[in-house]
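Chemist: Please see the structure below; I have some questions.
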Amino acid sequence: MRTPKNWDGKRALAMANALGLPRRLAAAVIALTALPLAASAADRYAAEIVRTTYGAPHITASDYGGLGYGSGYAFAEDNVCLLADQVVTVSGERSKYFGADGSTTVSFKAVNNLDSDIFFKATLNTAQLRQAILKASPEDQRMIRGYVAGYNAYLRKTGPANLPDACRGAPWVRPITEDDLLRLNDEKMTQAGAGAWLGAIIAAAPPPSAPATTAPHAALERQDIEPAREAEALGLGSNGWAFGREATGGAGLLLGNPHFPWLTTNRFYQIHLTIPGQFDAMGATLSGLPGISIGFNHDVAWTHTVSTDRHFTLFELTLVPGNPTAYRVDGRRLSMDRRTVTVEVKGGARVTRTLYSSVYGPLLVQPKAGLNWTSDRAYAFKDSNRLNVRAADAWLAIGRARSVAEVRAAISAQVGVPWVNTIAADRHGEVLYADITSTPDVSAEKLKACAPASGAAALGAFARIFVLDGARSDCDWTREPAAGAPGLLPASAMPSTVRADFVANSNDSYWLANDTQPLSGFSPVVGLTNEPQNMRTRAGLTFIHDQLALPPSASGARISPSVVEAMIFADRNYAAEATLDDLLAICAERPSAAASSGKAVDLTRACGILSRWDRHMNIDSVGVPIFVEFWGRLAALKGVYAIPFDAADPVHTPRGLKRDAETSARIAQALADAVALLNERGVPLDAPWGQLHFTVRGDAHIPVHGGDGTEGVLDAQESRWVPGLGYIPFHGSSYMQVVTFDADGPVADAVLSYSQSTNPASPHYADQTWRFSQKRWSRLPFKPAEIAAQRISSEHVGE
């Protein structure tokens with residue numbers, strides 16, 4: 001047996017001795033408890049890694065352990081420093097190596113190292129993860145062991161002195177263990193839950209003495225809820241479209257366009273995994289996750305978009321008078337669990353913190369939302385994705401599917417997909433939309449019956465933060481035999497549809513997966529209907545219908561890969577299409593306006609540039625920054641639309657801008673503030689977008705097209721203004737794929753916007769980034785002859 005190198009054998013021996021175990025039995029206990037998975041001394045790994053143009057590894061092995069080994073080895077070749085850094089994060093050791101005041105990313109948000117360390121040390125339970133993984137399939141367990149072995153083999157072969165500059169000789173780079181991969185998985189599974197509430201969880205502490213509270217939630221206004229909304233908002237999105245035979249004239253066609261971070265833990269990595277006769281799928285996975293999360297095989301292509309489901313609820317605890325760390329459930333007194341963690345800080349200091357949890361989960365506080373820990377009540381957080389080791393098996397099953405019906409069966413079996421919708425297309429011309437995810441089984445009726453007396457249920461109405469009465473066990477999540485795990489909604493109670501025309505999702509609810517036949521009737525925890533849709537949803541459905549209204553080709557197709565690729569890279573700004581004419585009319589009436597500072601701003605030149613803008617976000621488009629800064633300010637204004645939202649026409653409303661004197665003045669001020677800011681930054685108002693909006697690779701500034709998704713730009717790019725540089729993208733279009741099928745198998749075009757490797761010395765550090773900048777897709781090699789034609793290297797690895 002192989003013992004993980006970070007296993008504390010001395011502590012295990014001390015425990016065994018305390019139990020009076022014989023030395024031989026004690027040694028066995030140490031060996032067994034050190035292994036989260038059922039590893040065997042007979043574990044052997046072998047894989048072939050063939051790399052093709054742009055560096056994607058095609059890994060062939062005879063079993064799943066070999067696939068994992070090749071995956072871990074190949075990923076380390078490209079991103080060893082990235083994975084080593086992630087392991088430091090989930091081990092709660094960032095402060096030790098990088099200092100407490102540094103920062104990392106957790107749940108798509110920047111978090112300081114100390115807070116991150118406290119959170120992961122307190123909330124990741126390695127013993128429970130070890131038990132959970134035993135329920136996973138043998139294939140998944142073997143892939144995990146193989147991945148660990150492959151990564152470690154690369155470390156041994158390369159040596160600390162030969163690693164990339166970012167981690168060469170760094171003390172924080174070490175061999176990883178199965179435990180590390182389990183912690184990395186749990187970190188990713190809970191990004192739509194506990195990870196998004198990190199600050200609220202680590203801030204929770206019992207009051208030394210506090211007066212009883214009096215229903216603070218009942219008086220909350222919407223602006224009071226916003227901090228709570230932001231506490232759980234992921235701030236990310238995606239577009240997923242699938243077209244069936246009625247649109248294509250034949251096989252299905254899929255667009256996968258996830259909008260994910262360009263840096264840190266959630267980078268995608270292209271990969272192709274093959275066990276001859278058993279498994280053959282290609283696509284991308286997230287850093288540190290064995291397998292394929294988004295991709296295609298011979299018969300099926302799939303993608304994901306972040307869903308609107310709430311993958312958590314809160315529980316209001318009724319505390320025992322005089323003891324703020326005791327509470328009652330069904331009249332029975334329970335004591336909170338305390339977990340004291342110590343974080344080592346660079347320089348030798350140590351920080352100790354005690355966090356508390358209940359039978360539902362950790363305690364939290366969010367004062368601006370009325371979620372306070374007082375002498376009579378507190379709030380606990382229950383995450384539906386905690387200990388979710390089912391996702392990997394769901395993705396393996398999708399990778400083996402032969403139709404969208406089998407994809408739906410794969411995600412329904414254990415309901416392991418964590419927090420994303422599934423969109424899929426197959427060679428038979430059928431398409432699938434499914435919001436079948438790991439979601440709490442809480443009905444609308446239960447939400448009403450279990451509303452706490454304090455009034456905390458108001459959070460559900462404003463922010464879909466659902467609070468249940470924790471003093472009653474019947475208010476816990478419903479446990480149904482058909483569910484994939486206790487307390488989760490069964491697949492039959494979640495939205496899904498198989499069609500032959502199209503489905504689409506851009507992070508709104510299931511309601512308009514196909515707007516010609518809306519879905520409804522599901523729990524509010526899943527999502528809402530009859531409410532305004534985001535600009536990307538509206539843009540996508542508008543452009544799809546415009547295309548489907550055109551005459552078909554000779555083959556009967558209205559949709560083809562080249563059409564879809566052109567649609568997503570058209571970089572149309574839908575917000576401008578819906579409002580710019582009215583803004584220009586206001587410009588004509590108000591050639592100058594007072595900024596918020598009170599200073600008058602001449603709008604003549606800015607309005608002239610906007611009038612000539614092509615309303616696209618191409619690298620040569622002129623006028624973009626004016627509208628970008630204006631839209632960010634307009635979005636904060638209320639009551640500015642000329643035509644309000646209409647649930648009977650959700651794709652085209654709201655639209656237009658009001659032209660009355662009061663509203664026009666507010667709109668003109670928003671434009672004046674935008675122009676004043678750009679002038680202050682020294683930004684030329686007529687600079688082409690690509691001169692201002694770019695990513696940095698070494699000495700090169702690579703222009704990036706696209707823009708913020710809130711403006712209805714499908715090719716979404718979220719960027720930050722960096723003084724001295726410009727608008728630097730950090731989150732947006734990442735791994736993009738357009739897949740259809742011919743008689744021989746998949747026909748797939750793809751591009752990875754930020755490229756395969758984080759190592760500046762790699763030839764695959766920026767090669768695809770340049771292609772992305774030029775809006776050039778690459779035909780992916782899937783069949784053996786295609787792989788051979790594009791092969792740039794090959795190696796056999798194993799042990």
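Residue numbers start at 1 in each chain; chains themselves are named A, B, ... in the order of the structure tokens; ligands are numbered from 1 in the order shown.
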Would you list the contacts of segment 154-170 of chain A as a ChimeraX atom specification, taking every protein, DNA or RNA residue within 8 Å and counting only C-alpha atoms, but skipping same-chain residues closer than 2 positions in sequence?
Modeler: /A:73,76-77,80-81,150-152,172-173,175,759,761
Chemist: Using only C-alpha atoms, what does the table of segment 38-140 of chain A residues within 6 Å of segment 261-278 of chain A look like, with each row giving the shortest atom pair and its distance in Å to one decimal, sorted by chain and ascending number, as a tab-separated table?
Modeler:
```
residue	atom	partner	partner_atom	distance
A:Ala56	CA	A:Gln270	CA	5.6
A:Pro57	CA	A:Ile271	CA	5.4
A:His58	CA	A:His272	CA	4.5
A:Ile59	CA	A:Leu273	CA	5.0
A:Thr60	CA	A:Thr274	CA	4.7
A:Ala61	CA	A:Ile275	CA	5.4
A:Ser62	CA	A:Ile275	CA	5.4
```
Chemist: For all heavy atoms, I'd like the residues from the last selection saved as a PDB file, in the first residue's frame.
Modeler:
```
ATOM      1  N   ALA A  56      -3.339  19.952 -27.308  1.00  0.00           N
ATOM      2  CA  ALA A  56      -4.306  19.091 -26.629  1.00  0.00           C
ATOM      3  C   ALA A  56      -3.768  17.668 -26.523  1.00  0.00           C
ATOM      4  O   ALA A  56      -3.335  17.089 -27.522  1.00  0.00           O
ATOM      5  CB  ALA A  56      -5.628  19.087 -27.378  1.00  0.00           C
ATOM      6  N   PRO A  57      -3.786  17.054 -25.324  1.00  0.00           N
ATOM      7  CA  PRO A  57      -3.321  15.675 -25.182  1.00  0.00           C
ATOM      8  C   PRO A  57      -4.441  14.680 -25.493  1.00  0.00           C
ATOM      9  O   PRO A  57      -5.571  14.821 -25.025  1.00  0.00           O
ATOM     10  CB  PRO A  57      -2.921  15.596 -23.705  1.00  0.00           C
ATOM     11  CG  PRO A  57      -3.811  16.588 -23.028  1.00  0.00           C
ATOM     12  CD  PRO A  57      -4.068  17.683 -24.025  1.00  0.00           C
ATOM     13  N   HIS A  58      -4.112  13.691 -26.301  1.00  0.00           N
ATOM     14  CA  HIS A  58      -5.011  12.583 -26.582  1.00  0.00           C
ATOM     15  C   HIS A  58      -4.460  11.390 -25.819  1.00  0.00           C
ATOM     16  O   HIS A  58      -3.374  10.884 -26.133  1.00  0.00           O
ATOM     17  CB  HIS A  58      -5.060  12.300 -28.086  1.00  0.00           C
ATOM     18  CG  HIS A  58      -5.490  13.479 -28.899  1.00  0.00           C
ATOM     19  ND1 HIS A  58      -6.742  13.604 -29.446  1.00  0.00           N
ATOM     20  CD2 HIS A  58      -4.817  14.613 -29.243  1.00  0.00           C
ATOM     21  CE1 HIS A  58      -6.840  14.743 -30.104  1.00  0.00           C
ATOM     22  NE2 HIS A  58      -5.675  15.384 -29.993  1.00  0.00           N
ATOM     23  N   ILE A  59      -5.180  10.963 -24.813  1.00  0.00           N
ATOM     24  CA  ILE A  59      -4.660   9.954 -23.879  1.00  0.00           C
ATOM     25  C   ILE A  59      -5.371   8.633 -24.119  1.00  0.00           C
ATOM     26  O   ILE A  59      -6.601   8.555 -24.055  1.00  0.00           O
ATOM     27  CB  ILE A  59      -4.839  10.426 -22.429  1.00  0.00           C
ATOM     28  CG1 ILE A  59      -4.021  11.706 -22.218  1.00  0.00           C
ATOM     29  CG2 ILE A  59      -4.426   9.340 -21.443  1.00  0.00           C
ATOM     30  CD1 ILE A  59      -4.347  12.441 -20.959  1.00  0.00           C
ATOM     31  N   THR A  60      -4.604   7.624 -24.399  1.00  0.00           N
ATOM     32  CA  THR A  60      -5.137   6.292 -24.628  1.00  0.00           C
ATOM     33  C   THR A  60      -4.580   5.353 -23.575  1.00  0.00           C
ATOM     34  O   THR A  60      -3.373   5.355 -23.287  1.00  0.00           O
ATOM     35  CB  THR A  60      -4.768   5.780 -26.024  1.00  0.00           C
ATOM     36  OG1 THR A  60      -5.262   6.692 -27.010  1.00  0.00           O
ATOM     37  CG2 THR A  60      -5.371   4.407 -26.275  1.00  0.00           C
ATOM     38  N   ALA A  61      -5.467   4.572 -22.963  1.00  0.00           N
ATOM     39  CA  ALA A  61      -5.056   3.617 -21.933  1.00  0.00           C
ATOM     40  C   ALA A  61      -5.966   2.412 -22.012  1.00  0.00           C
ATOM     41  O   ALA A  61      -7.012   2.425 -22.677  1.00  0.00           O
ATOM     42  CB  ALA A  61      -5.116   4.263 -20.546  1.00  0.00           C
ATOM     43  N   SER A  62      -5.599   1.365 -21.306  1.00  0.00           N
ATOM     44  CA  SER A  62      -6.399   0.136 -21.311  1.00  0.00           C
ATOM     45  C   SER A  62      -7.424   0.124 -20.197  1.00  0.00           C
ATOM     46  O   SER A  62      -8.297  -0.756 -20.160  1.00  0.00           O
ATOM     47  CB  SER A  62      -5.494  -1.085 -21.181  1.00  0.00           C
ATOM     48  OG  SER A  62      -4.789  -1.057 -19.948  1.00  0.00           O
TER      49      SER A  62
END
```
Chemist: What gap, in Å, lies between atom CA of Val404 of chain A and atom CA of Leu286 of chain A?
Modeler: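 Computing the Euclidean distance for atom CA of Val404 of chain A and atom CA of Leu286 of chain A yields 22.9 Å.
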Chemist: Pick from A:Phe645, A:His311, A:Ala247, A:Ala149: nearest to Gln547 of chain A, with only C-alpha atoms counted?
Modeler: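 Of the candidates, the smallest distance to Gln547 of chain A is held by A:Ala247.
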Chemist: Please provide as a ChimeraX atom specification all residues within 9 Å of Thr105 of chain A, with the sequence filter that same-chain residues fewer than 4 positions apart are discarded (counting only C-alpha atoms).
Modeler: /A:109-112,116,264-265
Chemist: Include C-alpha atoms and write out the residues we just selected as a PDB file, in the first residue's frame.
Modeler:
```pdb
ATOM      1  CA  LYS A 109     -14.352  35.917  -6.201  1.00  0.00           C
ATOM      2  CA  ALA A 110     -11.159  37.347  -4.763  1.00  0.00           C
ATOM      3  CA  VAL A 111     -10.661  36.369  -1.112  1.00  0.00           C
ATOM      4  CA  ASN A 112      -7.750  37.151   1.169  1.00  0.00           C
ATOM      5  CA  SER A 116      -9.597  31.304   2.619  1.00  0.00           C
ATOM      6  CA  THR A 264      -6.917  30.389 -11.239  1.00  0.00           C
ATOM      7  CA  THR A 265      -8.979  27.393 -10.190  1.00  0.00           C
TER       8      THR A 265
END
```
Chemist: If you count only C-alpha atoms, which residues fall within 12 Å of Arg350 of chain A, apart from same-chain ones fewer than 3 positions away, as a ChimeraX atom specification?
Modeler: /A:93,95-96,99-100,114,117-118,341-347,353
Chemist: Write a file of the just-selected residues containing N, CA and C atoms, as a PDB file, in the first residue's frame.
Modeler:
```
ATOM      1  N   GLU A  93      -3.347  26.526   3.506  1.00  0.00           N
ATOM      2  CA  GLU A  93      -1.965  26.884   3.802  1.00  0.00           C
ATOM      3  C   GLU A  93      -1.477  28.096   3.003  1.00  0.00           C
ATOM      4  N   SER A  95      -1.729  31.316   3.735  1.00  0.00           N
ATOM      5  CA  SER A  95      -1.083  32.296   4.623  1.00  0.00           C
ATOM      6  C   SER A  95       0.323  31.853   4.999  1.00  0.00           C
ATOM      7  N   LYS A  96       0.510  30.565   5.128  1.00  0.00           N
ATOM      8  CA  LYS A  96       1.817  30.020   5.507  1.00  0.00           C
ATOM      9  C   LYS A  96       2.868  30.331   4.452  1.00  0.00           C
ATOM     10  N   GLY A  99       1.564  34.587   2.784  1.00  0.00           N
ATOM     11  CA  GLY A  99       1.191  35.696   3.650  1.00  0.00           C
ATOM     12  C   GLY A  99      -0.315  35.841   3.772  1.00  0.00           C
ATOM     13  N   ALA A 100      -0.749  36.319   4.924  1.00  0.00           N
ATOM     14  CA  ALA A 100      -2.183  36.406   5.207  1.00  0.00           C
ATOM     15  C   ALA A 100      -2.890  37.438   4.349  1.00  0.00           C
ATOM     16  N   LEU A 114      -5.982  34.598   4.443  1.00  0.00           N
ATOM     17  CA  LEU A 114      -6.338  34.160   5.788  1.00  0.00           C
ATOM     18  C   LEU A 114      -7.782  33.682   5.838  1.00  0.00           C
ATOM     19  N   ASP A 117      -7.998  30.319   4.143  1.00  0.00           N
ATOM     20  CA  ASP A 117      -7.432  29.234   4.955  1.00  0.00           C
ATOM     21  C   ASP A 117      -8.385  28.826   6.078  1.00  0.00           C
ATOM     22  N   ILE A 118      -8.946  29.806   6.765  1.00  0.00           N
ATOM     23  CA  ILE A 118      -9.877  29.495   7.854  1.00  0.00           C
ATOM     24  C   ILE A 118     -11.071  28.718   7.312  1.00  0.00           C
ATOM     25  N   VAL A 341      -9.698  25.954  14.450  1.00  0.00           N
ATOM     26  CA  VAL A 341      -8.638  25.751  13.467  1.00  0.00           C
ATOM     27  C   VAL A 341      -7.529  26.765  13.718  1.00  0.00           C
ATOM     28  N   THR A 342      -6.328  26.354  13.402  1.00  0.00           N
ATOM     29  CA  THR A 342      -5.166  27.230  13.536  1.00  0.00           C
ATOM     30  C   THR A 342      -4.495  27.361  12.186  1.00  0.00           C
ATOM     31  N   VAL A 343      -4.280  28.590  11.773  1.00  0.00           N
ATOM     32  CA  VAL A 343      -3.646  28.884  10.496  1.00  0.00           C
ATOM     33  C   VAL A 343      -2.258  29.433  10.758  1.00  0.00           C
ATOM     34  N   GLU A 344      -1.277  28.805  10.151  1.00  0.00           N
ATOM     35  CA  GLU A 344       0.097  29.295  10.255  1.00  0.00           C
ATOM     36  C   GLU A 344       0.299  30.398   9.224  1.00  0.00           C
ATOM     37  N   VAL A 345       0.886  31.504   9.664  1.00  0.00           N
ATOM     38  CA  VAL A 345       1.100  32.667   8.802  1.00  0.00           C
ATOM     39  C   VAL A 345       2.588  32.813   8.513  1.00  0.00           C
ATOM     40  N   LYS A 346       2.896  33.201   7.300  1.00  0.00           N
ATOM     41  CA  LYS A 346       4.289  33.397   6.909  1.00  0.00           C
ATOM     42  C   LYS A 346       4.984  34.330   7.895  1.00  0.00           C
ATOM     43  N   GLY A 347       6.134  33.907   8.378  1.00  0.00           N
ATOM     44  CA  GLY A 347       6.836  34.682   9.391  1.00  0.00           C
ATOM     45  C   GLY A 347       6.737  34.053  10.764  1.00  0.00           C
ATOM     46  N   ARG A 353      -9.063  30.324  15.154  1.00  0.00           N
ATOM     47  CA  ARG A 353     -10.463  30.740  15.035  1.00  0.00           C
ATOM     48  C   ARG A 353     -11.358  29.543  15.298  1.00  0.00           C
TER      49      ARG A 353
END
```
Chemist: For Ala485 of chain A, which residue among A:Ala413, A:Ala588, A:Val365, A:Ala700 is the nearest when counting only C-alpha atoms?
Modeler: A:Ala413
Chemist: Enumerate, in order of chain and increasing residue number, the residues of segment 257-373 of chain A with an atom no farther than 10 Å from segment 451-474 of chain A, each with its shortest atom pair and distance in Å to one decimal, counting only C-alpha atoms, as a Markdown table.
Modeler:
```
| residue | atom | partner | partner_atom | distance |
| --- | --- | --- | --- | --- |
| A:Thr308 | CA | A:Arg464 | CA | 9.7 |
| A:Asp309 | CA | A:Arg464 | CA | 9.3 |
| A:Arg310 | CA | A:Arg464 | CA | 7.5 |
| A:Phe312 | CA | A:Phe466 | CA | 8.1 |
| A:Thr313 | CA | A:Phe466 | CA | 5.3 |
| A:Leu314 | CA | A:Val467 | CA | 4.6 |
| A:Phe315 | CA | A:Leu468 | CA | 4.8 |
| A:Glu316 | CA | A:Gly470 | CA | 5.0 |
| A:Leu317 | CA | A:Gly470 | CA | 5.0 |
| A:Thr318 | CA | A:Ala471 | CA | 5.9 |
| A:Leu319 | CA | A:Ala471 | CA | 9.0 |
| A:Tyr327 | CA | A:Ala471 | CA | 7.9 |
| A:Arg328 | CA | A:Ala471 | CA | 5.7 |
| A:Val329 | CA | A:Ala471 | CA | 4.3 |
| A:Asp330 | CA | A:Arg472 | CA | 5.2 |
| A:Gly331 | CA | A:Ala471 | CA | 7.5 |
| A:Arg332 | CA | A:Ala471 | CA | 9.1 |
| A:Ser358 | CA | A:Gly470 | CA | 9.8 |
| A:Val359 | CA | A:Gly470 | CA | 9.4 |
| A:Tyr360 | CA | A:Gly470 | CA | 8.2 |
| A:Ala369 | CA | A:Leu459 | CA | 7.8 |
| A:Gly370 | CA | A:Ala456 | CA | 7.7 |
| A:Leu371 | CA | A:Ala456 | CA | 8.0 |
```
Chemist: Residues at most 12 Å from His259 of chain A, counting only C-alpha atoms, excluding those fewer than 3 positions away in the same chain, as a ChimeraX atom specification?
Modeler: /A:108,234-240,256,262,266-268,303-306,506-507,536,706-709,713-718,729-736,752-754
Chemist: With only C-alpha atoms as the counted atoms, please give the residues lying no more than 8 Å from Val622 of chain A, apart from itself and same-chain residues fewer than 4 positions off, as a PyMOL selection string.
Modeler: chain A and resi 609+612-614+686-689
Chemist: Generate a file of the selected residues that holds all heavy atoms, formatted as an mmCIF file, in the first residue's frame.
Modeler:
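Contents of out_38.cif, freshly written:
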```cif
data_model
loop_
_atom_site.group_PDB
_atom_site.id
_atom_site.type_symbol
_atom_site.label_atom_id
_atom_site.label_comp_id
_atom_site.auth_asym_id
_atom_site.auth_seq_id
_atom_site.Cartn_x
_atom_site.Cartn_y
_atom_site.Cartn_z
ATOM 1 N N ILE A 609 -19.456 60.122 -32.017
ATOM 2 C CA ILE A 609 -18.769 58.832 -32.150
ATOM 3 C C ILE A 609 -19.773 57.687 -32.008
ATOM 4 O O ILE A 609 -19.748 56.719 -32.777
ATOM 5 C CB ILE A 609 -17.641 58.726 -31.115
ATOM 6 C CG1 ILE A 609 -16.539 59.736 -31.435
ATOM 7 C CG2 ILE A 609 -17.075 57.310 -31.065
ATOM 8 C CD1 ILE A 609 -15.497 59.878 -30.345
ATOM 9 N N ARG A 612 -21.787 56.860 -35.056
ATOM 10 C CA ARG A 612 -21.077 56.139 -36.123
ATOM 11 C C ARG A 612 -20.636 54.732 -35.688
ATOM 12 O O ARG A 612 -20.105 53.973 -36.505
ATOM 13 C CB ARG A 612 -19.851 56.958 -36.563
ATOM 14 C CG ARG A 612 -20.222 58.308 -37.178
ATOM 15 C CD ARG A 612 -18.995 59.047 -37.689
ATOM 16 N NE ARG A 612 -18.086 59.452 -36.628
ATOM 17 C CZ ARG A 612 -18.209 60.574 -35.917
ATOM 18 N NH1 ARG A 612 -19.222 61.409 -36.166
ATOM 19 N NH2 ARG A 612 -17.330 60.893 -34.982
ATOM 20 N N TRP A 613 -20.831 54.413 -34.433
ATOM 21 C CA TRP A 613 -20.450 53.097 -33.914
ATOM 22 C C TRP A 613 -21.267 52.006 -34.612
ATOM 23 O O TRP A 613 -22.482 52.144 -34.831
ATOM 24 C CB TRP A 613 -20.685 53.076 -32.404
ATOM 25 C CG TRP A 613 -20.440 51.773 -31.719
ATOM 26 C CD1 TRP A 613 -19.500 50.836 -32.005
ATOM 27 C CD2 TRP A 613 -21.183 51.255 -30.595
ATOM 28 N NE1 TRP A 613 -19.587 49.770 -31.134
ATOM 29 C CE2 TRP A 613 -20.616 49.993 -30.259
ATOM 30 C CE3 TRP A 613 -22.254 51.725 -29.845
ATOM 31 C CZ2 TRP A 613 -21.096 49.215 -29.202
ATOM 32 C CZ3 TRP A 613 -22.727 50.958 -28.800
ATOM 33 C CH2 TRP A 613 -22.152 49.717 -28.482
ATOM 34 N N ASP A 614 -20.638 50.887 -34.920
ATOM 35 C CA ASP A 614 -21.327 49.786 -35.612
ATOM 36 C C ASP A 614 -22.155 48.917 -34.665
ATOM 37 O O ASP A 614 -22.771 47.940 -35.088
ATOM 38 C CB ASP A 614 -20.329 48.927 -36.381
ATOM 39 C CG ASP A 614 -19.283 48.271 -35.476
ATOM 40 O OD1 ASP A 614 -19.414 48.323 -34.237
ATOM 41 O OD2 ASP A 614 -18.308 47.708 -36.024
ATOM 42 N N ASP A 686 -12.292 57.830 -29.406
ATOM 43 C CA ASP A 686 -12.420 57.175 -30.712
ATOM 44 C C ASP A 686 -11.403 56.056 -30.921
ATOM 45 O O ASP A 686 -11.129 55.647 -32.044
ATOM 46 C CB ASP A 686 -12.295 58.206 -31.837
ATOM 47 C CG ASP A 686 -10.963 58.951 -31.796
ATOM 48 O OD1 ASP A 686 -10.183 58.742 -30.838
ATOM 49 O OD2 ASP A 686 -10.713 59.753 -32.720
ATOM 50 N N ALA A 687 -10.839 55.536 -29.840
ATOM 51 C CA ALA A 687 -9.873 54.435 -29.961
ATOM 52 C C ALA A 687 -10.593 53.146 -30.329
ATOM 53 O O ALA A 687 -11.646 52.824 -29.760
ATOM 54 C CB ALA A 687 -9.118 54.246 -28.647
ATOM 55 N N PRO A 688 -10.085 52.367 -31.275
ATOM 56 C CA PRO A 688 -10.668 51.052 -31.564
ATOM 57 C C PRO A 688 -10.647 50.178 -30.312
ATOM 58 O O PRO A 688 -9.707 50.233 -29.512
ATOM 59 C CB PRO A 688 -9.750 50.492 -32.655
ATOM 60 C CG PRO A 688 -9.113 51.689 -33.270
ATOM 61 C CD PRO A 688 -8.951 52.678 -32.170
ATOM 62 N N TRP A 689 -11.664 49.356 -30.178
ATOM 63 C CA TRP A 689 -11.825 48.569 -28.962
ATOM 64 C C TRP A 689 -10.607 47.697 -28.682
ATOM 65 O O TRP A 689 -10.183 47.549 -27.534
ATOM 66 C CB TRP A 689 -13.084 47.726 -29.095
ATOM 67 C CG TRP A 689 -13.512 46.931 -27.905
ATOM 68 C CD1 TRP A 689 -13.910 45.629 -27.899
ATOM 69 C CD2 TRP A 689 -13.637 47.363 -26.538
ATOM 70 N NE1 TRP A 689 -14.265 45.217 -26.636
ATOM 71 C CE2 TRP A 689 -14.111 46.275 -25.776
ATOM 72 C CE3 TRP A 689 -13.399 48.579 -25.879
ATOM 73 C CZ2 TRP A 689 -14.339 46.345 -24.399
ATOM 74 C CZ3 TRP A 689 -13.617 48.652 -24.504
ATOM 75 C CH2 TRP A 689 -14.078 47.551 -23.783
#
```
Chemist: Looking only at the backbone, which of the residues in segment 480-634 of chain A does DSSP tag as helix (DSSP H, G or I), as a ChimeraX atom specification?
Modeler: /A:491-493,510-512,535-548,561-568,574-589,604-612,624-634
Chemist: Hey, what does DSSP flag as strand (DSSP E or B) within segment 580-784 of chain A? Can you give it to me as a PyMOL selection string?
Modeler: chain A and resi 592-594+600-602+616+622+641-643+655-657+688+693-697+700-703+707+716-722+726-733+735-742+745-752+778-779
